[in-house]
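Take a look at the structure below.
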Amino acid sequence: MARGARRSSWTAATVATVGLGVFAAGRGTLDGPMIAASLVVLCLGGVIGSLGRARIVRVTESPGASRHSVAEALLANIPDPVILVDRRAVVIEVNPAARALLPALKLRHPLSFALRAPDVLDGIEEVLRTGAPLKTLYATRVPTERAFEVQIGALPMPDGVVGGQPNVVLFLRDLTSARRLEATRVDFVANASHELRTPLASLLGFIETLQGPARNDPPARERFLGIMKTQAQRMARLVDDLLSLSRIELREHVPPTRPVDLTRIARQMVDTQGPLARDRGVVLSVAAEGAFPILGERDELLRVVENLIENAVKYGGSGGRVEVALRRQTEAASGRTSIELAVRDHGPGIAAEHIPRLTERFYRVDVASSRDQGGTGLGLAIVKHIVNRHRGRLLIESVPDAGTTVRAIFPEFEAVEPPDLLAEPA
Ligand code: ADP
């Protein structure tokens, strides 16, 4: 058989056999590539009447070049790396995802030249020895840290191909994002517990003092009760923010459907926050010409404006002014209009390295200053999720010593004129 034809056979045989394996095993855990591989079997279907090996050979060796190209095209489109090696672990076939992951992979070269993973190479030997499939892990550190689950399975070859010696197919499934999500969840629980434990420990300490040494000391009691109230309020704020965050996350995939006017929302919040700003010597102003309608949830948008003004006053108040501005802008590419809500302060600003992380939960530039100001470290995370739910974008720009501008940009709501039911028919 010509080399090209043989490779086509292998490709088709690989894909078909893996697909059949999944069907036969009936695992019920079909992932993307497996489903794709199984589809090849279906697309070659009709020819594969039974699950017998001889039938697969007939398919792969049939003159229908189009079937081979379908199989190859599908293998090429499987987003996860697939590698086929012979019993000496020499590479026979790879898909583009495998080449992208392991640029050193070369056909007819040992797999170990490109994949330095003893567990995987041992796994291939074991699969050849026992005939049973197995799973192992493969991790890369360079250029980025990634982790893969490698499914290794024997691919029995028909007598006519390489003397019936089995080959081995490796499916690599990227676990990187699943692991990152898991790490984020663990971090979140650890951070939330830590944030709650600190005020709780202080409350318990003061309760013990009030029951013991300060029992008959009214001035001390008053002072301690004041501190306890502050700590309890901090815990309440944290719990409120955690609940808001989880409520917003739950609804994030459901965009709001009612039109609201962002001008009214901004003005209402500027009025509410005015006294707080004045107390801190900050002049708070709003600039908005006319109405700016978007599809939105009023309470959530009030929360966005509130958090952004609060931050500007708390961390940028030394600049003396905080400006809230609304404007309309047209995107050059799509011609769509959007509404930009900008909150600008003239405070100390934020160093560039912190900016990408500010919307992470519990991330603060200066933890002590945030706590002193009653911050929970969740404000901008809440803002980001609300903006996402409104199909908007959040941009943070800051120049050290010149101030910070946070922009929330939403698609404009364009009302469709209701048909004039009273109009005379033409
Ligand atoms: P917090 O509850 O700490 O205010 P946020 O998520 O609202 O939490 O903000 C995260 C951090 O971003 C703050 O702790 C602060 O360090 C920084 N920050 C936010 N807004 C500003 C601003 N306008 N100027 C300077 N720093 C800011």
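In the structure tokens, chains take letters A, B, ... by order of appearance, with residues numbered from 1 within each chain and ligands from 1 in the order shown.
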Point to revise | Expected answer as an MDAnalysis selection string: residues within 8 Å of ligand 1, only C-alpha atoms and all ligand atoms | key: chainID A and resid 307:308 310:316 344:345 347:350 358:367 369:371 373:382 398 403:406
Practice item. Please identify all polymer residues within 7 Å of range 384-388 of chain A, counting only C-alpha atoms, omitting same-chain residues fewer than 6 positions from it, and present them as number ranges by chain. Key: A: 248-249, 252, 300, 359, 394, 408
Check your understanding: Could you name the residues that touch Leu111 in chain A at 10 Å or less, counting only C-alpha atoms, but leaving out those on the same chain fewer than 6 positions away, as a list in words?
Key -> Ile83, Leu84, Val85, Asp86, Arg88, Ala89, Val90, Val91, Ile92, Ala104, Leu105, Ala117, Val120 and Leu121 of chain A
Restrict the selected residues to N, CA, C and O atoms and save them as a JSON list (two decimals), in the first residue's frame.
[["chain", "number", "residue", "atom", "x", "y", "z"],
["A", 83, "ILE", "N", -2.63, 11.51, 19.09],
["A", 83, "ILE", "CA", -1.36, 11.02, 18.53],
["A", 83, "ILE", "C", -1.48, 9.50, 18.37],
["A", 83, "ILE", "O", -1.97, 8.81, 19.29],
["A", 84, "LEU", "N", -1.02, 9.01, 17.24],
["A", 84, "LEU", "CA", -1.01, 7.57, 17.02],
["A", 84, "LEU", "C", 0.46, 7.14, 16.92],
["A", 84, "LEU", "O", 1.23, 7.74, 16.17],
["A", 85, "VAL", "N", 0.83, 6.12, 17.71],
["A", 85, "VAL", "CA", 2.21, 5.62, 17.64],
["A", 85, "VAL", "C", 2.18, 4.11, 17.38],
["A", 85, "VAL", "O", 1.16, 3.45, 17.64],
["A", 86, "ASP", "N", 3.32, 3.59, 16.88],
["A", 86, "ASP", "CA", 3.36, 2.15, 16.68],
["A", 86, "ASP", "C", 3.89, 1.49, 17.96],
["A", 86, "ASP", "O", 4.11, 2.17, 18.97],
["A", 88, "ARG", "N", 6.68, 0.53, 18.81],
["A", 88, "ARG", "CA", 7.98, 1.02, 19.32],
["A", 88, "ARG", "C", 7.88, 2.48, 19.76],
["A", 88, "ARG", "O", 8.87, 3.16, 19.93],
["A", 89, "ALA", "N", 6.65, 2.97, 19.88],
["A", 89, "ALA", "CA", 6.36, 4.37, 20.27],
["A", 89, "ALA", "C", 6.93, 5.36, 19.26],
["A", 89, "ALA", "O", 7.39, 6.44, 19.61],
["A", 90, "VAL", "N", 6.90, 4.95, 17.99],
["A", 90, "VAL", "CA", 7.29, 5.87, 16.90],
["A", 90, "VAL", "C", 6.01, 6.50, 16.35],
["A", 90, "VAL", "O", 4.99, 5.81, 16.17],
["A", 91, "VAL", "N", 6.06, 7.81, 16.14],
["A", 91, "VAL", "CA", 4.85, 8.55, 15.75],
["A", 91, "VAL", "C", 4.41, 8.18, 14.33],
["A", 91, "VAL", "O", 5.21, 8.22, 13.39],
["A", 92, "ILE", "N", 3.14, 7.82, 14.18],
["A", 92, "ILE", "CA", 2.59, 7.47, 12.86],
["A", 92, "ILE", "C", 1.64, 8.55, 12.35],
["A", 92, "ILE", "O", 1.60, 8.86, 11.17],
["A", 104, "ALA", "N", 7.67, 19.78, 18.39],
["A", 104, "ALA", "CA", 8.77, 18.90, 18.01],
["A", 104, "ALA", "C", 8.30, 17.55, 17.49],
["A", 104, "ALA", "O", 9.11, 16.73, 17.05],
["A", 105, "LEU", "N", 6.99, 17.30, 17.51],
["A", 105, "LEU", "CA", 6.47, 16.00, 17.03],
["A", 105, "LEU", "C", 6.77, 15.83, 15.55],
["A", 105, "LEU", "O", 6.48, 16.72, 14.75],
["A", 117, "ALA", "N", 7.78, 12.61, 28.88],
["A", 117, "ALA", "CA", 6.87, 12.31, 29.98],
["A", 117, "ALA", "C", 6.96, 10.81, 30.26],
["A", 117, "ALA", "O", 6.29, 10.00, 29.62],
["A", 120, "VAL", "N", 3.78, 8.75, 30.50],
["A", 120, "VAL", "CA", 3.06, 8.47, 29.26],
["A", 120, "VAL", "C", 3.76, 7.34, 28.51],
["A", 120, "VAL", "O", 3.12, 6.40, 28.02],
["A", 121, "LEU", "N", 5.10, 7.41, 28.46],
["A", 121, "LEU", "CA", 5.84, 6.39, 27.72],
["A", 121, "LEU", "C", 5.69, 5.02, 28.40],
["A", 121, "LEU", "O", 5.48, 4.01, 27.74]]
Practice item. Give me the residues within 8 Å of Ala132 in chain A as a count of residues only, counting only C-alpha atoms and dropping any in the same chain fewer than 4 places off. Key: 4
What are the closest atom pairs, with distances in Å to one decimal, for each residue of range 174-270 of chain A lying within 12 Å of range 282-298 of chain A, using only C-alpha atoms, rows by chain and rising residue number, as a tab-separated table?
residue	atom	partner	partner_atom	distance
A:Ile248	CA	A:Glu297	CA	10.9
A:Arg251	CA	A:Glu297	CA	11.2
A:Glu252	CA	A:Glu297	CA	11.6
A:Val254	CA	A:Gly296	CA	11.0
A:Pro255	CA	A:Gly296	CA	7.9
A:Pro256	CA	A:Gly296	CA	5.1
A:Thr257	CA	A:Leu295	CA	5.5
A:Arg258	CA	A:Leu295	CA	5.2
A:Pro259	CA	A:Leu295	CA	4.2
A:Val260	CA	A:Pro293	CA	5.4
A:Asp261	CA	A:Pro293	CA	4.4
A:Leu262	CA	A:Phe292	CA	5.4
A:Thr263	CA	A:Ala291	CA	5.7
A:Arg264	CA	A:Ala291	CA	7.8
A:Ile265	CA	A:Arg298	CA	7.3
A:Ala266	CA	A:Val286	CA	7.5
A:Arg267	CA	A:Val286	CA	6.8
A:Gln268	CA	A:Val286	CA	10.2
A:Met269	CA	A:Val286	CA	9.9
A:Val270	CA	A:Leu284	CA	7.0
Check your understanding: In Å, with one decimal, what is the gap from CA of Glu331 in chain A to CA of Glu414 in chain A?
Key -> 14.8 Å
Check your understanding: Quick one, how far is CA of Asp80 in chain A from CA of Asp187 in chain A?
Key ->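 Answer for the CA of Asp80 in chain A to CA of Asp187 in chain A separation: 28.3 Å.
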Review point. Just asking: which residues within range 118-354 of chain A are strand (DSSP E or B) according to DSSP, as an MDAnalysis selection string?
Key: chainID A and resid 134:140 146:155 167:174 259:261 283:287 293:295 321:330 337:345
Using only C-alpha atoms, which protein or nucleic acid residues come within 12 Å of Ala236 in chain A? Drop anything in the same chain fewer than 6 positions from it, and give the result as a CSV table (one decimal) with all heavy atoms, in the first residue's frame.
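Heads up, here's the output in out.csv:
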chain,number,residue,atom,x,y,z
A,195,GLU,N,-11.6,36.5,55.8
A,195,GLU,CA,-12.2,37.8,56.0
A,195,GLU,C,-13.2,37.8,57.1
A,195,GLU,O,-13.3,38.8,57.9
A,195,GLU,CB,-12.8,38.3,54.7
A,195,GLU,CG,-11.9,38.5,53.6
A,195,GLU,CD,-11.1,39.8,53.8
A,195,GLU,OE1,-11.5,40.7,54.5
A,195,GLU,OE2,-9.9,39.8,53.3
A,196,LEU,N,-13.9,36.7,57.3
A,196,LEU,CA,-14.9,36.6,58.4
A,196,LEU,C,-14.3,36.3,59.7
A,196,LEU,O,-14.7,36.8,60.7
A,196,LEU,CB,-16.0,35.6,58.0
A,196,LEU,CG,-17.0,36.0,57.0
A,196,LEU,CD1,-17.8,34.8,56.6
A,196,LEU,CD2,-18.0,37.0,57.6
A,199,PRO,N,-12.8,39.6,62.0
A,199,PRO,CA,-13.6,40.3,62.9
A,199,PRO,C,-14.3,39.4,64.0
A,199,PRO,O,-14.5,39.9,65.1
A,199,PRO,CB,-14.7,40.9,62.0
A,199,PRO,CG,-14.6,40.2,60.7
A,199,PRO,CD,-13.2,39.7,60.6
A,200,LEU,N,-14.5,38.2,63.6
A,200,LEU,CA,-15.1,37.2,64.5
A,200,LEU,C,-14.2,37.0,65.7
A,200,LEU,O,-14.6,37.0,66.9
A,200,LEU,CB,-15.4,35.9,63.8
A,200,LEU,CG,-16.4,35.0,64.5
A,200,LEU,CD1,-17.7,35.6,64.7
A,200,LEU,CD2,-16.5,33.7,63.6
A,229,LYS,N,-19.3,46.8,67.6
A,229,LYS,CA,-20.3,47.2,66.6
A,229,LYS,C,-19.6,47.4,65.3
A,229,LYS,O,-20.1,46.9,64.2
A,229,LYS,CB,-20.9,48.5,67.1
A,229,LYS,CG,-22.1,48.9,66.2
A,229,LYS,CD,-22.8,50.1,66.8
A,229,LYS,CE,-23.9,50.6,65.8
A,229,LYS,NZ,-24.5,51.8,66.2
A,230,THR,N,-18.4,48.0,65.2
A,230,THR,CA,-17.7,48.2,64.0
A,230,THR,C,-17.4,46.9,63.3
A,230,THR,O,-17.6,46.7,62.1
A,230,THR,CB,-16.4,49.0,64.2
A,230,THR,OG1,-16.8,50.2,65.0
A,230,THR,CG2,-15.8,49.4,62.9
A,242,LEU,N,-21.1,39.2,49.7
A,242,LEU,CA,-21.0,37.8,49.2
A,242,LEU,C,-22.4,37.3,48.6
A,242,LEU,O,-22.4,36.7,47.5
A,242,LEU,CB,-20.6,36.8,50.3
A,242,LEU,CG,-19.2,36.9,50.7
A,242,LEU,CD1,-18.9,36.1,52.0
A,242,LEU,CD2,-18.3,36.4,49.6
A,243,LEU,N,-23.5,37.7,49.3
A,243,LEU,CA,-24.8,37.3,48.8
A,243,LEU,C,-25.1,38.0,47.5
A,243,LEU,O,-25.6,37.4,46.5
A,243,LEU,CB,-25.9,37.6,49.8
A,243,LEU,CG,-25.9,36.7,51.0
A,243,LEU,CD1,-26.9,37.1,52.1
A,243,LEU,CD2,-26.2,35.2,50.6
A,374,GLY,N,-13.7,50.5,55.4
A,374,GLY,CA,-14.9,49.7,55.4
A,374,GLY,C,-15.0,48.9,54.1
A,374,GLY,O,-16.1,48.4,53.8
A,375,GLY,N,-13.9,48.7,53.3
A,375,GLY,CA,-14.0,47.9,52.1
A,375,GLY,C,-14.0,46.4,52.3
A,375,GLY,O,-13.4,46.0,53.3
A,376,THR,N,-14.6,45.7,51.4
A,376,THR,CA,-14.6,44.2,51.6
A,376,THR,C,-13.7,43.6,50.5
A,376,THR,O,-13.5,42.4,50.5
A,376,THR,CB,-16.0,43.7,51.3
A,376,THR,OG1,-16.5,44.1,50.0
A,376,THR,CG2,-17.0,44.2,52.4
Review point. Quick one: DSSP helix (DSSP H, G or I) residues in range 180-283 of chain A, as a VMD selection string?
Key: chain A and resid 180 to 211 218 to 251 262 to 279
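Pairwise distance (CA of Tyr138 in chain A, CA of Arg357 in chain A) equals 29.2 Å.
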Practice item. Quick one: everything within 10 Å of Thr176 in chain A, counting only C-alpha atoms, minus sequence neighbours fewer than 2 positions away in the same chain. Send it as an MDAnalysis selection string. Key: chainID A and resid 139 145:149 173:174 178:182
